[in-house]
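**Student:** Quick one, model-v4.csv (CSV, C-alpha atoms and all ligand atoms):
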```csv
chain,number,residue,atom,x,y,z
A,84,MET,CA,64.2,230.4,116.0
A,85,LEU,CA,66.2,227.5,117.4
A,86,LEU,CA,69.2,227.2,115.1
A,87,HIS,CA,71.8,224.8,116.2
A,88,HIS,CA,75.2,226.3,115.8
A,89,LEU,CA,76.6,225.7,112.4
A,90,SER,CA,79.2,223.1,112.5
A,91,THR,CA,82.3,222.4,110.4
A,92,HIS,CA,82.4,218.8,111.6
A,93,TYR,CA,80.1,217.4,109.0
A,94,PHE,CA,82.0,217.7,105.7
A,95,ASN,CA,80.4,215.9,102.8
A,96,MET,CA,77.2,215.1,104.7
A,97,LYS,CA,74.7,214.1,102.1
A,98,ILE,CA,70.9,214.4,101.9
A,99,LYS,CA,70.7,210.6,102.0
A,100,ASP,CA,72.4,210.6,105.5
A,101,ILE,CA,69.6,212.6,106.9
A,102,ILE,CA,67.0,210.5,105.1
A,103,LEU,CA,68.4,207.3,106.5
A,104,GLN,CA,68.0,208.6,110.1
A,105,ILE,CA,64.4,209.6,109.5
A,106,GLU,CA,63.5,206.4,107.7
A,107,GLN,CA,64.9,204.3,110.5
A,108,ILE,CA,62.0,205.3,112.6
A,109,ALA,CA,59.5,205.8,109.8
A,110,PRO,CA,60.2,203.4,106.9
A,111,LEU,CA,58.6,204.7,103.6
A,112,SER,CA,56.9,201.3,103.2
A,113,TYR,CA,54.6,202.3,106.2
A,114,GLN,CA,53.0,205.1,104.3
A,115,GLU,CA,49.4,204.8,103.1
A,116,GLU,CA,48.7,204.0,99.5
A,117,TYR,CA,47.5,207.5,98.6
A,118,ASP,CA,50.5,209.2,100.2
A,119,ASN,CA,53.7,210.7,98.6
A,120,ALA,CA,56.2,210.7,101.4
A,121,GLY,CA,60.0,210.6,100.6
A,122,LEU,CA,62.5,212.8,98.8
A,123,ILE,CA,60.2,214.9,96.6
A,124,ILE,CA,62.8,217.4,95.2
A,125,GLY,CA,66.5,216.9,95.2
A,126,ASN,CA,69.3,214.4,94.7
A,127,PRO,CA,70.1,212.1,97.7
A,128,GLU,CA,73.8,212.2,96.8
A,129,ASP,CA,73.9,216.0,97.1
A,130,GLU,CA,75.7,217.6,100.0
A,131,VAL,CA,73.5,219.0,102.7
A,132,SER,CA,74.4,222.3,104.4
A,133,GLY,CA,71.6,222.2,107.0
A,134,VAL,CA,68.0,221.3,107.6
A,135,LEU,CA,64.9,223.5,108.0
A,136,LEU,CA,62.0,221.8,109.7
A,137,SER,CA,58.4,222.7,108.8
A,138,LEU,CA,54.9,221.2,108.8
A,139,ASP,CA,54.2,222.4,105.2
A,140,THR,CA,56.5,223.6,102.4
A,141,THR,CA,55.2,227.0,101.4
A,142,GLU,CA,57.1,229.6,99.4
A,143,ALA,CA,57.7,231.5,102.6
A,144,VAL,CA,59.3,228.4,104.1
A,145,ILE,CA,61.6,228.1,101.1
A,146,ASP,CA,62.5,231.8,101.4
A,147,GLU,CA,63.5,231.1,105.0
A,148,ALA,CA,65.7,228.1,103.9
A,149,ILE,CA,67.4,230.3,101.3
A,150,SER,CA,68.1,233.1,103.8
A,151,LEU,CA,69.4,230.7,106.4
A,152,GLN,CA,71.5,228.9,103.7
A,153,LEU,CA,69.9,225.5,104.6
A,154,ASN,CA,69.4,223.4,101.5
A,155,LEU,CA,67.1,220.7,102.8
A,156,ILE,CA,63.6,221.2,104.0
A,157,VAL,CA,62.2,218.3,106.1
A,158,ALA,CA,58.4,218.6,106.2
A,159,HIS,CA,55.5,216.5,107.4
A,160,HIS,CA,53.1,217.2,104.5
A,161,PRO,CA,54.3,216.4,101.0
A,162,ILE,CA,54.2,219.5,98.8
A,163,ILE,CA,53.5,217.3,95.8
A,164,PHE,CA,50.7,215.0,96.7
A,165,LYS,CA,48.5,214.1,93.8
A,166,GLY,CA,51.1,214.8,91.0
A,167,LEU,CA,51.7,217.8,88.8
A,168,LYS,CA,51.1,217.8,85.1
A,169,LYS,CA,52.3,221.3,84.4
A,170,ILE,CA,54.6,223.5,86.4
A,171,ASN,CA,54.0,227.1,85.5
A,172,GLY,CA,53.4,228.8,88.8
A,173,LYS,CA,49.6,229.1,88.8
A,174,ASN,CA,49.2,227.9,92.4
A,175,TYR,CA,51.2,227.9,95.6
A,176,ILE,CA,52.4,224.3,95.0
A,177,GLU,CA,53.9,224.9,91.6
A,178,ARG,CA,55.4,228.2,92.8
A,179,ALA,CA,57.0,226.4,95.8
A,180,VAL,CA,58.4,223.7,93.5
A,181,ILE,CA,59.8,226.2,91.0
A,182,LYS,CA,61.4,228.3,93.8
A,183,ALA,CA,63.0,225.2,95.5
A,184,ILE,CA,64.5,223.9,92.3
A,185,LYS,CA,65.8,227.3,91.2
A,186,HIS,CA,67.6,227.7,94.5
A,187,GLY,CA,68.8,224.2,94.9
A,188,ILE,CA,66.6,223.5,97.9
A,189,ALA,CA,65.7,219.8,98.4
A,190,ILE,CA,62.4,218.9,100.0
A,191,TYR,CA,61.7,215.7,101.9
A,192,ALA,CA,58.5,214.7,103.6
A,193,ALA,CA,57.7,212.0,106.2
A,194,HIS,CA,53.9,211.9,106.3
A,195,THR,CA,51.7,208.9,107.0
A,196,ASN,CA,54.7,206.7,107.5
A,197,LEU,CA,55.4,208.8,110.5
A,198,ASP,CA,51.7,208.8,111.5
A,199,ASN,CA,51.6,205.0,111.5
A,200,VAL,CA,54.5,204.1,113.8
A,201,LEU,CA,54.0,203.9,117.6
A,202,GLY,CA,57.8,203.9,118.3
A,203,ASN,CA,58.6,207.5,117.7
A,204,GLY,CA,55.7,208.8,115.6
A,205,VAL,CA,53.3,211.8,115.3
A,206,ASN,CA,50.8,210.4,117.8
A,207,ARG,CA,53.2,209.2,120.4
A,208,LYS,CA,54.6,212.8,120.5
A,209,PHE,CA,51.0,214.1,120.7
A,210,ALA,CA,50.1,211.7,123.5
A,211,GLN,CA,53.3,212.5,125.4
A,212,LYS,CA,52.6,216.3,125.2
A,213,ILE,CA,49.4,215.8,127.1
A,214,GLY,CA,50.9,213.4,129.5
A,215,LEU,CA,49.3,210.1,128.4
A,216,GLU,CA,50.8,206.8,129.7
A,217,LYS,CA,50.6,203.1,128.7
A,218,LEU,CA,50.3,204.0,125.0
A,219,GLU,CA,48.9,201.6,122.4
A,220,ILE,CA,48.0,202.0,118.8
A,221,LEU,CA,44.3,202.8,118.6
A,222,GLN,CA,43.6,201.0,115.3
A,223,PRO,CA,46.4,198.5,114.4
A,224,LYS,CA,46.8,197.7,110.8
A,225,PRO,CA,45.3,194.3,110.2
A,226,GLY,CA,47.5,191.4,108.8
A,227,GLN,CA,50.5,193.5,109.5
A,228,LEU,CA,52.7,190.7,110.7
A,229,LYS,CA,54.3,187.9,108.9
A,230,LYS,CA,56.7,185.2,110.0
A,231,ILE,CA,59.5,184.4,107.6
A,232,VAL,CA,61.3,181.1,108.0
A,233,PHE,CA,64.7,180.6,106.3
A,234,TYR,CA,66.7,177.3,106.0
A,235,THR,CA,70.4,177.8,105.8
A,236,PRO,CA,73.6,175.7,106.0
A,237,VAL,CA,75.0,176.0,109.5
A,238,LYS,CA,78.0,178.0,108.3
A,239,ASP,CA,75.9,180.6,106.6
A,240,ALA,CA,73.3,181.0,109.3
A,241,GLU,CA,74.8,184.0,111.0
A,242,LYS,CA,75.2,185.8,107.7
A,243,VAL,CA,71.6,185.3,106.9
A,244,LYS,CA,70.6,186.6,110.4
A,245,GLN,CA,72.6,189.7,109.9
A,246,ALA,CA,70.9,190.3,106.5
A,247,ILE,CA,67.5,189.9,108.1
A,248,PHE,CA,68.2,192.4,110.9
A,249,ALA,CA,69.9,194.9,108.5
A,250,ALA,CA,66.8,194.9,106.4
A,251,GLY,CA,64.6,195.7,109.4
A,252,GLY,CA,63.4,192.2,110.4
A,253,GLY,CA,63.1,191.1,114.0
A,254,GLN,CA,61.8,194.3,115.6
A,255,ILE,CA,59.4,193.5,118.3
A,256,GLY,CA,58.3,196.4,120.6
A,257,ASN,CA,61.4,197.9,122.1
A,258,TYR,CA,63.5,194.9,121.2
A,259,SER,CA,65.5,194.5,118.0
A,260,GLU,CA,67.3,191.6,116.4
A,261,CYS,CA,64.6,189.1,117.7
A,262,SER,CA,64.7,185.7,116.0
A,263,PHE,CA,64.4,182.0,116.8
A,264,SER,CA,66.7,179.3,115.5
A,265,VAL,CA,66.8,175.6,115.6
A,266,LYS,CA,69.2,173.1,114.1
A,267,GLY,CA,67.9,170.2,112.0
A,268,GLN,CA,68.6,168.0,109.0
A,269,GLY,CA,67.7,168.9,105.5
A,270,THR,CA,67.7,166.2,102.8
A,271,PHE,CA,67.8,166.5,99.0
A,272,THR,CA,68.3,164.3,96.0
A,273,PRO,CA,69.7,166.2,93.1
A,274,GLY,CA,67.8,165.7,89.8
A,275,LYS,CA,69.5,165.3,86.4
A,276,ALA,CA,69.1,168.9,85.6
A,277,ALA,CA,70.9,169.9,88.7
A,278,ASN,CA,74.0,167.8,87.9
A,279,PRO,CA,74.0,166.3,84.4
A,280,SER,CA,77.0,164.1,85.2
A,281,ILE,CA,75.1,161.9,87.7
A,282,GLY,CA,72.9,160.1,85.3
A,283,GLU,CA,69.2,159.8,86.0
A,284,ARG,CA,69.1,160.4,89.7
A,285,GLY,CA,71.7,161.3,92.3
A,286,HIS,CA,72.0,160.0,95.9
A,287,ARG,CA,70.0,161.4,98.7
A,288,GLU,CA,72.2,163.8,100.6
A,289,THR,CA,71.8,165.1,104.2
A,290,LEU,CA,72.8,168.5,105.3
A,291,GLU,CA,72.9,170.2,108.7
A,292,GLU,CA,70.8,173.2,108.5
A,293,ILE,CA,69.6,176.1,110.7
A,294,LYS,CA,66.0,177.1,110.6
A,295,THR,CA,65.7,180.8,111.4
A,296,GLU,CA,62.3,182.4,112.1
A,297,VAL,CA,61.7,186.1,112.4
A,298,LEU,CA,58.6,188.3,112.7
A,299,VAL,CA,58.4,191.2,110.3
A,300,PRO,CA,55.9,193.8,109.4
A,301,ALA,CA,54.0,192.5,106.3
A,302,LEU,CA,55.0,195.6,104.3
A,303,ILE,CA,58.7,194.7,104.4
A,304,ALA,CA,58.5,190.9,104.1
A,305,GLU,CA,59.4,190.9,100.4
A,306,HIS,CA,62.3,193.4,101.1
A,307,ILE,CA,63.6,191.0,103.7
A,308,VAL,CA,63.5,188.0,101.4
A,309,GLU,CA,65.3,190.0,98.6
A,310,SER,CA,68.0,191.1,101.1
A,311,VAL,CA,68.6,187.5,102.3
A,312,LYS,CA,68.7,186.2,98.8
A,313,LYS,CA,71.8,188.3,98.2
A,314,VAL,CA,73.7,186.4,100.9
A,315,HIS,CA,72.1,183.0,100.9
A,316,PRO,CA,74.3,180.3,99.3
A,317,TYR,CA,71.5,178.2,97.7
A,318,GLU,CA,70.5,178.8,94.1
A,319,GLU,CA,66.9,177.9,95.2
A,320,MET,CA,66.7,179.6,98.5
A,321,ALA,CA,64.5,177.7,100.9
A,322,TYR,CA,62.1,179.9,102.8
A,323,ASP,CA,58.4,180.2,103.9
A,324,ILE,CA,56.4,183.4,104.4
A,325,ILE,CA,53.5,182.9,106.8
A,326,THR,CA,50.7,185.4,107.4
A,327,LEU,CA,49.9,185.6,111.1
A,328,SER,CA,46.5,186.4,112.6
A,329,ASN,CA,48.3,188.0,115.6
A,330,GLN,CA,47.6,191.6,115.8
A,331,GLY,CA,50.8,193.6,115.7
A,332,SER,CA,50.8,196.6,118.0
A,333,GLU,CA,53.4,198.8,116.5
A,334,ILE,CA,51.9,200.1,113.3
A,335,GLY,CA,48.5,201.7,112.7
A,336,SER,CA,46.5,204.8,113.2
A,337,GLY,CA,46.0,206.9,116.4
A,338,VAL,CA,47.2,206.2,119.9
A,339,ILE,CA,45.3,205.5,123.1
A,340,GLY,CA,46.5,205.8,126.7
A,341,PHE,CA,45.7,207.0,130.2
A,342,LEU,CA,46.1,210.3,131.9
A,343,PRO,CA,48.0,209.9,135.2
A,344,GLU,CA,44.8,211.0,137.1
A,345,PRO,CA,41.2,211.3,135.9
A,346,LEU,CA,40.2,214.9,135.2
A,347,SER,CA,36.9,216.7,134.9
A,348,LYS,CA,35.9,217.8,131.4
A,349,VAL,CA,36.8,221.4,132.2
A,350,ASP,CA,40.1,220.6,133.7
A,351,PHE,CA,40.9,218.3,130.8
A,352,LEU,CA,40.1,221.0,128.2
A,353,ALA,CA,42.1,223.5,130.1
A,354,MET,CA,45.1,221.2,130.2
A,355,LEU,CA,44.7,220.5,126.5
A,356,LYS,CA,44.5,224.1,125.6
A,357,LYS,CA,47.6,224.9,127.6
A,358,THR,CA,49.9,222.0,126.7
A,359,MET,CA,49.0,222.1,123.0
A,360,ASN,CA,49.1,225.9,122.9
A,361,LEU,CA,45.6,226.2,121.4
A,362,PRO,CA,43.6,229.3,120.6
A,363,LEU,CA,40.4,227.3,120.9
A,364,ILE,CA,38.9,223.8,121.1
A,365,ARG,CA,35.7,222.7,119.4
A,366,HIS,CA,34.2,219.9,121.4
A,367,THR,CA,31.1,217.9,122.2
A,368,ASP,CA,29.4,217.6,125.6
A,369,TYR,CA,30.3,214.7,127.9
A,370,SER,CA,29.2,214.0,131.4
A,371,GLY,CA,31.9,211.6,132.7
A,372,MET,CA,35.4,212.0,134.0
A,373,ILE,CA,38.3,211.8,131.6
A,374,HIS,CA,40.9,209.2,132.2
A,375,LYS,CA,41.4,207.1,129.0
A,376,VAL,CA,42.2,209.3,126.0
A,377,ALA,CA,42.7,208.6,122.3
A,378,VAL,CA,44.6,211.0,120.0
A,379,CYS,CA,45.2,211.3,116.3
A,380,GLY,CA,47.1,214.2,114.7
A,381,GLY,CA,45.6,215.6,111.5
A,382,VAL,CA,42.3,214.3,110.0
A,383,GLY,CA,40.9,211.9,112.5
A,384,SER,CA,37.2,211.4,112.4
A,385,PHE,CA,37.7,208.0,110.8
A,386,LEU,CA,38.9,206.8,114.2
A,387,THR,CA,36.0,208.1,116.4
A,388,GLN,CA,34.3,204.6,116.5
A,389,SER,CA,37.6,203.0,117.3
A,390,ALA,CA,38.1,205.4,120.2
A,391,ILE,CA,34.5,204.6,121.4
A,392,ARG,CA,35.2,200.9,121.1
A,393,GLY,CA,38.5,201.3,122.9
A,394,LYS,CA,36.5,202.9,125.8
A,395,ALA,CA,38.2,206.3,125.6
A,396,ASP,CA,36.6,209.0,127.6
A,397,ALA,CA,38.0,211.6,125.2
A,398,TYR,CA,39.2,211.6,121.6
A,399,VAL,CA,41.3,214.5,120.5
A,400,THR,CA,42.0,215.1,116.8
A,401,SER,CA,41.2,217.6,114.1
A,402,ASP,CA,39.2,218.4,110.9
A,403,ILE,CA,36.0,217.1,112.4
A,404,LYS,CA,32.9,218.1,110.3
A,405,TYR,CA,29.6,219.2,111.9
A,406,HIS,CA,27.8,215.9,111.4
A,407,GLU,CA,30.8,213.9,112.6
A,408,PHE,CA,30.5,215.6,116.0
A,409,PHE,CA,27.2,213.8,116.4
A,410,ASP,CA,29.0,210.4,116.3
A,411,ALA,CA,30.3,211.1,119.8
A,412,GLU,CA,26.8,210.7,121.3
A,413,ASN,CA,28.0,211.2,124.9
A,414,HIS,CA,30.1,208.1,124.6
A,415,LEU,CA,33.1,210.3,124.8
A,416,LEU,CA,34.3,213.9,124.7
A,417,LEU,CA,35.2,214.6,121.0
A,418,CYS,CA,37.7,217.4,120.6
A,419,ASP,CA,38.9,219.2,117.4
A,420,ILE,CA,42.0,221.2,118.2
A,421,GLY,CA,43.0,222.2,114.6
A,422,HIS,CA,45.1,220.3,112.1
A,423,TYR,CA,48.2,222.5,112.4
A,424,GLU,CA,48.0,222.5,116.2
A,425,SER,CA,47.7,218.7,116.4
A,426,GLU,CA,50.7,218.1,114.3
A,427,ILE,CA,53.2,220.9,114.8
A,428,SER,CA,55.1,219.0,117.5
A,429,THR,CA,56.0,216.5,114.8
A,430,LEU,CA,58.9,218.8,114.0
A,431,GLU,CA,60.4,217.9,117.4
A,432,ILE,CA,60.6,214.3,116.3
A,433,PHE,CA,62.6,215.3,113.2
A,434,TYR,CA,64.8,217.5,115.4
A,435,GLU,CA,65.5,214.7,117.9
A,436,VAL,CA,66.2,212.1,115.3
A,437,ILE,CA,68.6,214.2,113.3
A,438,THR,CA,70.5,215.7,116.2
A,439,GLU,CA,70.7,212.5,118.0
A,440,LYS,CA,73.0,211.2,115.3
A,441,PHE,CA,74.6,214.5,114.2
A,442,PRO,CA,74.5,216.6,117.4
A,443,THR,CA,76.1,219.7,116.1
A,444,PHE,CA,74.6,219.7,112.6
A,445,ALA,CA,72.5,222.8,111.6
A,446,VAL,CA,68.9,222.0,112.2
A,447,ALA,CA,66.4,224.9,112.5
A,448,PHE,CA,62.7,225.1,113.3
A,449,CYS,CA,60.9,227.1,110.7
A,450,ARG,CA,59.8,230.6,112.0
A,451,THR,CA,57.0,230.9,109.5
A,452,SER,CA,53.7,229.6,110.7
A,453,THR,CA,52.3,227.7,107.7
A,454,ASN,CA,48.8,227.4,109.3
A,455,PRO,CA,46.4,228.7,106.6
A,456,ILE,CA,43.7,229.1,109.3
A,457,GLN,CA,43.5,232.2,111.4
A,458,TYR,CA,41.3,232.8,114.4
A,459,TYR,CA,39.4,236.0,115.0
A,460,GLN,CA,38.7,236.2,118.7
B,1,ZN,ZN,48.4,216.6,108.6
```
For this file, produce the structure as structure tokens.

**Tutor:**
Amino acid sequence: MLLHHLSTHYFNMKIKDIILQIEQIAPLSYQEEYDNAGLIIGNPEDEVSGVLLSLDTTEAVIDEAISLQLNLIVAHHPIIFKGLKKINGKNYIERAVIKAIKHGIAIYAAHTNLDNVLGNGVNRKFAQKIGLEKLEILQPKPGQLKKIVFYTPVKDAEKVKQAIFAAGGGQIGNYSECSFSVKGQGTFTPGKAANPSIGERGHRETLEEIKTEVLVPALIAEHIVESVKKVHPYEEMAYDIITLSNQGSEIGSGVIGFLPEPLSKVDFLAMLKKTMNLPLIRHTDYSGMIHKVAVCGGVGSFLTQSAIRGKADAYVTSDIKYHEFFDAENHLLLCDIGHYESEISTLEIFYEVITEKFPTFAVAFCRTSTNPIQYYQ
């Protein structure tokens, strides 16, 4: 167990403070529609004594949190996924929920929102573990970028820009606060309704305005507009939202990159087994050398064709079914390393993100292996 020494420095640290750190790298809006990431049990305003990191939230994990006196579990897989209609303890999910609530343990999950980001996500960690370089998203989410254009009086332009950035706009690759501004003249003629004292029609007025453009992930476009509305001086805020055909490269499924040197199939498999700590690898045959490699933690056969199109020599994922192995057709080496094994290093992301901000806060890796699969060798 790697328990950071318990600290007295963080009085009144709240659950929401931890959540904020995680959602800065993996906003909830990036999760897939079917998902249920977020704070599943608990009150964000409650004080947090410490965090236990786990891939799944089983009863054994909750027991561990209780014994370590850590009242927040941060997991990758949401314990409540499809919803619960009754909670009477008839299966492991209901029993875990009952136990957590009874003992005041909060449960938070960052799932597909953490899968879908290149910046510091599940698949970047996976790729880095096996030494891949020049990483790109394997299957970017289409229509993921929008451009928002705001028109603001000169004196309010900076305030608007700040609101855009605070809401997550203007992130491009490793750069933040990216925007483009130009000064121009806006004109308007107030109608009678706008100012009843002016008679039928007012005079045309001219106003110095700043036009500010930012690129934003489509998923947060509305959120950005709502945030800017709060600080924008116009009663009818002037803005455009434009859908771009450019393919964004920061959000999507899987990651593809290069090994520093090409490896033979056997050497690649040996490296994979060692670096990912695997009991075994299920794989297809492949006659070429391995240089370009695609990875996807968790269920990944939906990306096999993308990996082939991306000219990967190997695609490493998990939960591949018998007939899905045929899809490789010697285009690439298709490897199934196990769901748990492909995602367990995700906990390191949580650890890094939380301790980067709160270096002496109690954050522990779960000792319980939650892998339901055992290997008889
Ligand atoms: Zn998973």

**Student:** For A:Ala304, which residue out of A:Tyr322, A:Ser328, A:Ala411, A:Ile231 is the nearest one, using all atoms listed in the file?

**Tutor:**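 For A:Ala304, the nearest of the given residues is A:Ile231.
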
**Student:** May I ask for the distance between atom CA of A:Gly251 and atom CA of A:Lys229, given in Å to one decimal place?

**Tutor:**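 These atoms are spaced 12.9 Å apart.
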
**Student:** Give me the residues near stretch 170-184 of chain A as number ranges by chain, where near means some atom within 7 Å (using only C-alpha atoms) and where sequence neighbours in that chain fewer than 4 positions away do not count.

**Tutor:** A: 141-142, 145, 162, 188-189

**Student:** Step by step, measure atom-to-atom distances between ligand ZN 1 (chain B) and each residue using all atoms listed in the file, keep those at most 9 Å, then write them as a PyMOL selection string.

**Tutor:** chain A and resi 138-139+159-160+194-195+198+380-382+422-423+425-427

**Student:** Closest to A:Pro236 among A:Pro273, A:Gly214, A:Pro343, A:Pro316, using all atoms listed in the file?

**Tutor:**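 Of all the options, A:Pro316 lies closest to A:Pro236.
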
**Student:** With the cut-off set at 12 Å and counting all atoms listed in the file, tabulate each residue of stretch 182-247 of chain A with an atom at most that distance from an atom of stretch 433-445 of chain A, showing the nearest atom pair and its distance in Å to one decimal, ordered by chain and increasing number, as CSV.

**Tutor:**
```
residue,atom,partner,partner_atom,distance
A:Tyr191,CA,A:Phe433,CA,11.3
A:Ala192,CA,A:Phe433,CA,10.5
A:Ala193,CA,A:Phe433,CA,9.2
A:His194,CA,A:Phe433,CA,11.6
A:Leu197,CA,A:Phe433,CA,10.1
A:Asn203,CA,A:Val436,CA,9.2
A:Gly204,CA,A:Phe433,CA,9.8
A:Val205,CA,A:Phe433,CA,10.2
A:Lys208,CA,A:Phe433,CA,11.1
```

**Student:** Save out the residues we just selected, C-alpha atoms, as a PDB file, in the frame of the given file.

**Tutor:**
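The result, stored in again_27.pdb:
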```pdb
ATOM      1  CA  TYR A 191      61.700 215.700 101.900  1.00  0.00           C
ATOM      2  CA  ALA A 192      58.500 214.700 103.600  1.00  0.00           C
ATOM      3  CA  ALA A 193      57.700 212.000 106.200  1.00  0.00           C
ATOM      4  CA  HIS A 194      53.900 211.900 106.300  1.00  0.00           C
ATOM      5  CA  LEU A 197      55.400 208.800 110.500  1.00  0.00           C
ATOM      6  CA  ASN A 203      58.600 207.500 117.700  1.00  0.00           C
ATOM      7  CA  GLY A 204      55.700 208.800 115.600  1.00  0.00           C
ATOM      8  CA  VAL A 205      53.300 211.800 115.300  1.00  0.00           C
ATOM      9  CA  LYS A 208      54.600 212.800 120.500  1.00  0.00           C
TER      10      LYS A 208
END
```

**Student:** Work out how far apart atom CA of A:Thr367 and atom CA of A:Ser384 are and give it in Å to one decimal.

**Tutor:**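 Atom CA of A:Ser384 lies at a distance of 13.2 Å from atom CA of A:Thr367.
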
**Student:** Could you check the closest approach to A:Ile364 for each of A:Gln114, A:Thr400, A:Gln388, A:Thr429 and tell me which residue wins, using only C-alpha atoms?

**Tutor:**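 Using only C-alpha atoms, the shortest distance to A:Ile364 belongs to A:Thr400.
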
**Student:** Any idea what the distance is between atom CA of A:Leu298 and atom CA of A:Glu318?

**Tutor:**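 Atom CA of A:Glu318 lies at a distance of 24.0 Å from atom CA of A:Leu298.
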
**Student:** Counting all atoms listed in the file, which residues in stretch 346-439 of chain A sit no more than 8 Å from stretch 215-221 of chain A? For each one, give the nearest pair of atoms and the distance in Å, sorted by chain then residue number, as a Markdown table.

**Tutor:**
```
| residue | atom | partner | partner_atom | distance |
| --- | --- | --- | --- | --- |
| A:Val376 | CA | A:Leu215 | CA | 7.5 |
| A:Ala377 | CA | A:Leu221 | CA | 7.1 |
| A:Ser389 | CA | A:Leu221 | CA | 6.8 |
| A:Ala390 | CA | A:Leu221 | CA | 6.9 |
| A:Gly393 | CA | A:Leu221 | CA | 7.4 |
```

**Student:** I need the chosen residues saved as a compact mmCIF listing (two decimals), in the coordinates of the input, with C-alpha atoms.

**Tutor:**
```txt
# COMPACT_ATOMS: atom_id res chain seq x y z
CA VAL A 376 42.20 209.30 126.00
CA ALA A 377 42.70 208.60 122.30
CA SER A 389 37.60 203.00 117.30
CA ALA A 390 38.10 205.40 120.20
CA GLY A 393 38.50 201.30 122.90
```

**Student:** Ranking A:Arg365, A:Arg287, A:Arg392, A:His315 by minimum distance to A:Asp239 and counting all atoms listed in the file, which one comes first?

**Tutor:**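 Looking only at the distances to A:Asp239, the closest residue turns out to be A:His315.
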
**Student:** At a cut-off of 9 Å from (58.0, 210.7, 99.0) in the coordinates of the file, what residues are picked up using only C-alpha atoms, written as a PDB file with C-alpha atoms, in the coordinates of the input?

**Tutor:**
```pdb
ATOM      1  CA  LEU A 111      58.600 204.700 103.600  1.00  0.00           C
ATOM      2  CA  ASP A 118      50.500 209.200 100.200  1.00  0.00           C
ATOM      3  CA  ASN A 119      53.700 210.700  98.600  1.00  0.00           C
ATOM      4  CA  ALA A 120      56.200 210.700 101.400  1.00  0.00           C
ATOM      5  CA  GLY A 121      60.000 210.600 100.600  1.00  0.00           C
ATOM      6  CA  LEU A 122      62.500 212.800  98.800  1.00  0.00           C
ATOM      7  CA  ILE A 123      60.200 214.900  96.600  1.00  0.00           C
ATOM      8  CA  PRO A 161      54.300 216.400 101.000  1.00  0.00           C
ATOM      9  CA  ILE A 163      53.500 217.300  95.800  1.00  0.00           C
ATOM     10  CA  PHE A 164      50.700 215.000  96.700  1.00  0.00           C
ATOM     11  CA  TYR A 191      61.700 215.700 101.900  1.00  0.00           C
ATOM     12  CA  ALA A 192      58.500 214.700 103.600  1.00  0.00           C
ATOM     13  CA  ALA A 193      57.700 212.000 106.200  1.00  0.00           C
ATOM     14  CA  HIS A 194      53.900 211.900 106.300  1.00  0.00           C
TER      15      HIS A 194
END
```

**Student:** Quick one: residues within 9 Å of A:Pro345, all atoms listed in the file, excluding same-chain residues fewer than 5 positions away - as a ChimeraX atom specification?

**Tutor:** /A:351,372-375

**Student:** For the residues in the current selection, export C-alpha atoms as a compact mmCIF listing (two decimals), in the frame of the given file.

**Tutor:**
```
# COMPACT_ATOMS: atom_id res chain seq x y z
CA PHE A 351 40.90 218.30 130.80
CA MET A 372 35.40 212.00 134.00
CA ILE A 373 38.30 211.80 131.60
CA HIS A 374 40.90 209.20 132.20
CA LYS A 375 41.40 207.10 129.00
```

**Student:** Residues around (72.1, 230.7, 100.7), cut-off 12 Å, counting only C-alpha atoms - what are they as a PyMOL selection string?

**Tutor:** chain A and resi 131-133+145-155+183+185-188

**Student:** Tell me which of A:His286, A:Arg207, A:Lys212, A:Lys99 sits closest to A:Cys379, counting all atoms listed in the file.

**Tutor:**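 Of A:His286, A:Arg207, A:Lys212, A:Lys99, the one nearest A:Cys379, counting all atoms listed in the file, is A:Arg207.
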
**Student:** Considering all atoms listed in the file, can you say which of A:Phe248, A:Phe271, A:Tyr317, A:Phe448 comes closest to A:Val299?

**Tutor:**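 Using all atoms listed in the file, the shortest distance to A:Val299 belongs to A:Phe248.
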
**Student:** Excluding A:Pro300 and any residue of its chain fewer than 2 positions from it, enumerate the residues within 9 Å of it, using all atoms listed in the file, and give them as a count of residues only.

**Tutor:** 15

**Student:** When you look at A:Ser310 with a cut-off of 12 Å (counting all atoms listed in the file), what residues show up, excluding the ones that are within fewer than 3 positions of it in the same chain? I need them as a PyMOL selection string.

**Tutor:** chain A and resi 242-252+303-307+313-315+320

**Student:** Limited to C-alpha atoms, could you put the picked residues into a file as a JSON list (two decimals), keeping the file's coordinate frame?

**Tutor:**
```json
[["chain", "number", "residue", "atom", "x", "y", "z"],
["A", 242, "LYS", "CA", 75.20, 185.80, 107.70],
["A", 243, "VAL", "CA", 71.60, 185.30, 106.90],
["A", 244, "LYS", "CA", 70.60, 186.60, 110.40],
["A", 245, "GLN", "CA", 72.60, 189.70, 109.90],
["A", 246, "ALA", "CA", 70.90, 190.30, 106.50],
["A", 247, "ILE", "CA", 67.50, 189.90, 108.10],
["A", 248, "PHE", "CA", 68.20, 192.40, 110.90],
["A", 249, "ALA", "CA", 69.90, 194.90, 108.50],
["A", 250, "ALA", "CA", 66.80, 194.90, 106.40],
["A", 251, "GLY", "CA", 64.60, 195.70, 109.40],
["A", 252, "GLY", "CA", 63.40, 192.20, 110.40],
["A", 303, "ILE", "CA", 58.70, 194.70, 104.40],
["A", 304, "ALA", "CA", 58.50, 190.90, 104.10],
["A", 305, "GLU", "CA", 59.40, 190.90, 100.40],
["A", 306, "HIS", "CA", 62.30, 193.40, 101.10],
["A", 307, "ILE", "CA", 63.60, 191.00, 103.70],
["A", 313, "LYS", "CA", 71.80, 188.30, 98.20],
["A", 314, "VAL", "CA", 73.70, 186.40, 100.90],
["A", 315, "HIS", "CA", 72.10, 183.00, 100.90],
["A", 320, "MET", "CA", 66.70, 179.60, 98.50]]
```
